[in-house]
Amino acid sequence: MAKKTIKTPVEGFNGIVAGVQFVDGTGTTDNEGAIAYFERQGYEVGGDVSDDVERDYPLGDPSDKWTKPQLLAFAKDRGISIEANVKTKDEIWAAIQPGGTPYKGVTTPEGQALVNDSTDPKDNEIKDQADLPVK
């Protein structure tokens, strides 16, 4: 299945829902299960994302595997402000991570941010992001 553009019902939302990263309320996925979920939940599911669009970064969600120029181009296209003192690839990646938070997580259909703040891959405890300290 081709990638589809997904728009959240919450304007300007930044975060992850059903494994899809949203920046300013927009994300893309080719996951059929996620697309079906978004359609059921009232998200706007748009047409195919063209693979032929010229860009300076790979199609899809950003990754810590991207190069520094790719991360900077993605941030510029998405209107993500990168402070002048942010210079390394790791700092840039940290600045554009989903939801602007260092935690991994998902957002429930009700809008609650559920995250795992552990660096231990075996720790599956999910917490409400509102209860976690700001890093």
# chains A, B, ... in the order shown; residues from 1 in each chain; ligands from 1
$ residues_around --residues "segment 85-88 of chain A" --least-positions-apart "3" --cutoff "12 Å" --atoms "only C-alpha atoms" --output "ChimeraX atom specification"
/A:64,67-69,71-72,81-82,91-96
$ write_last_selection --atoms "C-alpha atoms" --output "JSON list (two decimals), in the first residue's frame"
[["chain", "number", "residue", "atom", "x", "y", "z"],
["A", 64, "ASP", "CA", 18.18, 8.74, 14.17],
["A", 67, "THR", "CA", 22.26, 12.24, 8.32],
["A", 68, "LYS", "CA", 22.61, 15.67, 9.88],
["A", 69, "PRO", "CA", 21.71, 17.45, 6.57],
["A", 71, "LEU", "CA", 17.44, 16.02, 9.69],
["A", 72, "LEU", "CA", 18.00, 19.75, 9.14],
["A", 81, "SER", "CA", 12.86, 25.60, 14.90],
["A", 82, "ILE", "CA", 16.42, 24.46, 15.59],
["A", 91, "GLU", "CA", 21.17, 17.39, 19.34],
["A", 92, "ILE", "CA", 19.24, 17.98, 16.11],
["A", 93, "TRP", "CA", 17.57, 14.56, 16.38],
["A", 94, "ALA", "CA", 16.59, 15.34, 19.98],
["A", 95, "ALA", "CA", 15.07, 18.66, 18.87],
["A", 96, "ILE", "CA", 12.80, 17.07, 16.23]]
$ select_by_dssp --residues "segment 11-75 of chain A" --states "alpha helix (DSSP H)" --output "list in words"
Glu32, Gly33, Ala34, Ile35, Ala36, Tyr37, Phe38, Glu39, Arg40, Lys68, Pro69, Gln70, Leu71, Leu72, Ala73, Phe74 and Ala75 of chain A
$ write_last_selection --atoms "N, CA, C and O atoms" --output "PDB file, in the first residue's frame"
ATOM      1  N   GLU A  32      -1.556  -0.419   6.897  1.00  0.00           N
ATOM      2  CA  GLU A  32      -2.994  -0.529   6.648  1.00  0.00           C
ATOM      3  C   GLU A  32      -3.812  -0.525   7.931  1.00  0.00           C
ATOM      4  O   GLU A  32      -4.903   0.054   7.985  1.00  0.00           O
ATOM      5  N   GLY A  33      -3.303  -1.157   8.985  1.00  0.00           N
ATOM      6  CA  GLY A  33      -4.003  -1.172  10.262  1.00  0.00           C
ATOM      7  C   GLY A  33      -4.119   0.220  10.859  1.00  0.00           C
ATOM      8  O   GLY A  33      -5.169   0.612  11.373  1.00  0.00           O
ATOM      9  N   ALA A  34      -3.026   0.978  10.792  1.00  0.00           N
ATOM     10  CA  ALA A  34      -3.034   2.348  11.315  1.00  0.00           C
ATOM     11  C   ALA A  34      -3.994   3.214  10.512  1.00  0.00           C
ATOM     12  O   ALA A  34      -4.762   4.001  11.081  1.00  0.00           O
ATOM     13  N   ILE A  35      -3.974   3.068   9.172  1.00  0.00           N
ATOM     14  CA  ILE A  35      -4.868   3.859   8.330  1.00  0.00           C
ATOM     15  C   ILE A  35      -6.326   3.554   8.668  1.00  0.00           C
ATOM     16  O   ILE A  35      -7.153   4.464   8.800  1.00  0.00           O
ATOM     17  N   ALA A  36      -6.642   2.282   8.861  1.00  0.00           N
ATOM     18  CA  ALA A  36      -8.015   1.899   9.226  1.00  0.00           C
ATOM     19  C   ALA A  36      -8.393   2.503  10.571  1.00  0.00           C
ATOM     20  O   ALA A  36      -9.512   3.001  10.747  1.00  0.00           O
ATOM     21  N   TYR A  37      -7.458   2.488  11.525  1.00  0.00           N
ATOM     22  CA  TYR A  37      -7.713   3.083  12.844  1.00  0.00           C
ATOM     23  C   TYR A  37      -8.021   4.574  12.693  1.00  0.00           C
ATOM     24  O   TYR A  37      -8.989   5.084  13.256  1.00  0.00           O
ATOM     25  N   PHE A  38      -7.187   5.287  11.921  1.00  0.00           N
ATOM     26  CA  PHE A  38      -7.383   6.733  11.761  1.00  0.00           C
ATOM     27  C   PHE A  38      -8.726   7.035  11.101  1.00  0.00           C
ATOM     28  O   PHE A  38      -9.415   7.980  11.496  1.00  0.00           O
ATOM     29  N   GLU A  39      -9.107   6.234  10.124  1.00  0.00           N
ATOM     30  CA  GLU A  39     -10.409   6.446   9.477  1.00  0.00           C
ATOM     31  C   GLU A  39     -11.551   6.250  10.467  1.00  0.00           C
ATOM     32  O   GLU A  39     -12.511   7.017  10.491  1.00  0.00           O
ATOM     33  N   ARG A  40     -11.454   5.213  11.322  1.00  0.00           N
ATOM     34  CA  ARG A  40     -12.502   4.950  12.322  1.00  0.00           C
ATOM     35  C   ARG A  40     -12.581   6.068  13.361  1.00  0.00           C
ATOM     36  O   ARG A  40     -13.649   6.358  13.885  1.00  0.00           O
ATOM     37  N   LYS A  68      22.853  14.331   9.338  1.00  0.00           N
ATOM     38  CA  LYS A  68      22.606  15.670   9.880  1.00  0.00           C
ATOM     39  C   LYS A  68      21.924  16.577   8.841  1.00  0.00           C
ATOM     40  O   LYS A  68      20.917  17.212   9.155  1.00  0.00           O
ATOM     41  N   PRO A  69      22.406  16.622   7.572  1.00  0.00           N
ATOM     42  CA  PRO A  69      21.712  17.448   6.571  1.00  0.00           C
ATOM     43  C   PRO A  69      20.269  17.010   6.319  1.00  0.00           C
ATOM     44  O   PRO A  69      19.392  17.845   6.092  1.00  0.00           O
ATOM     45  N   GLN A  70      20.005  15.703   6.350  1.00  0.00           N
ATOM     46  CA  GLN A  70      18.637  15.217   6.156  1.00  0.00           C
ATOM     47  C   GLN A  70      17.739  15.679   7.301  1.00  0.00           C
ATOM     48  O   GLN A  70      16.604  16.109   7.076  1.00  0.00           O
ATOM     49  N   LEU A  71      18.232  15.583   8.531  1.00  0.00           N
ATOM     50  CA  LEU A  71      17.443  16.020   9.690  1.00  0.00           C
ATOM     51  C   LEU A  71      17.171  17.521   9.626  1.00  0.00           C
ATOM     52  O   LEU A  71      16.060  17.979   9.909  1.00  0.00           O
ATOM     53  N   LEU A  72      18.179  18.294   9.249  1.00  0.00           N
ATOM     54  CA  LEU A  72      17.995  19.747   9.140  1.00  0.00           C
ATOM     55  C   LEU A  72      16.991  20.103   8.042  1.00  0.00           C
ATOM     56  O   LEU A  72      16.147  20.984   8.225  1.00  0.00           O
ATOM     57  N   ALA A  73      17.042  19.403   6.899  1.00  0.00           N
ATOM     58  CA  ALA A  73      16.095  19.660   5.806  1.00  0.00           C
ATOM     59  C   ALA A  73      14.675  19.313   6.236  1.00  0.00           C
ATOM     60  O   ALA A  73      13.722  20.047   5.946  1.00  0.00           O
ATOM     61  N   PHE A  74      14.521  18.182   6.945  1.00  0.00           N
ATOM     62  CA  PHE A  74      13.200  17.788   7.442  1.00  0.00           C
ATOM     63  C   PHE A  74      12.661  18.854   8.393  1.00  0.00           C
ATOM     64  O   PHE A  74      11.505  19.272   8.281  1.00  0.00           O
ATOM     65  N   ALA A  75      13.508  19.285   9.328  1.00  0.00           N
ATOM     66  CA  ALA A  75      13.085  20.305  10.298  1.00  0.00           C
ATOM     67  C   ALA A  75      12.658  21.587   9.588  1.00  0.00           C
ATOM     68  O   ALA A  75      11.630  22.181   9.927  1.00  0.00           O
TER      69      ALA A  75
END
$ atom_distance --atom1 "atom CA of Gly47 of chain A" --atom2 "atom CA of Lys7 of chain A"
11.3 Å
$ atom_distance --atom1 "atom CA of Arg78 of chain A" --atom2 "atom CA of Asp30 of chain A"
19.7 Å
$ residues_around --residues "Tyr43 of chain A" --least-positions-apart "6" --cutoff "7 Å" --atoms "only C-alpha atoms" --output "PyMOL selection string"
chain A and resi 6-9
$ atom_distance --atom1 "atom CA of Glu83 of chain A" --atom2 "atom CA of Gly27 of chain A"
23.4 Å
$ residues_around --residues "Thr5 of chain A" --least-positions-apart "5" --cutoff "6 Å" --atoms "only C-alpha atoms" --output "MDAnalysis selection string"
chainID A and resid 27:28 45:46
$ write_last_selection --atoms "N, CA and C atoms" --output "CSV table (one decimal), in the first residue's frame"
chain,number,residue,atom,x,y,z
A,27,GLY,N,0.9,13.6,9.5
A,27,GLY,CA,1.8,12.4,9.5
A,27,GLY,C,1.5,11.6,8.3
A,28,THR,N,2.4,10.6,8.0
A,28,THR,CA,2.2,9.7,6.9
A,28,THR,C,2.5,8.3,7.3
A,45,VAL,N,-7.9,11.2,6.2
A,45,VAL,CA,-6.9,10.4,5.5
A,45,VAL,C,-6.9,10.9,4.1
A,46,GLY,N,-5.7,11.4,3.7
A,46,GLY,CA,-5.6,12.0,2.3
A,46,GLY,C,-5.0,11.0,1.3
$ residues_around --residues "Val10 of chain A" --least-positions-apart "4" --cutoff "10 Å" --atoms "only C-alpha atoms" --output "MDAnalysis selection string"
chainID A and resid 14 24:26 43 111
$ write_last_selection --atoms "C-alpha atoms" --output "PDB file, in the first residue's frame"
ATOM      1  CA  ASN A  14       2.848  16.901  17.710  1.00  0.00           C
ATOM      2  CA  ASP A  24       1.816  20.137  13.233  1.00  0.00           C
ATOM      3  CA  GLY A  25      -1.129  17.741  12.959  1.00  0.00           C
ATOM      4  CA  THR A  26       0.136  15.848   9.894  1.00  0.00           C
ATOM      5  CA  TYR A  43      -8.779  11.568  11.236  1.00  0.00           C
ATOM      6  CA  GLY A 111      -5.668  12.665  23.748  1.00  0.00           C
TER       7      GLY A 111
END
$ select_by_dssp --residues "segment 6-79 of chain A" --states "strand (DSSP E)" --output "list of chain:residue names"
A:Ile6, A:Lys7, A:Gly15, A:Ile16, A:Val17, A:Val20, A:Gln21, A:Phe22, A:Thr26, A:Gly27, A:Thr28, A:Thr29, A:Glu44, A:Val45, A:Gly46, A:Gly47, A:Asp48
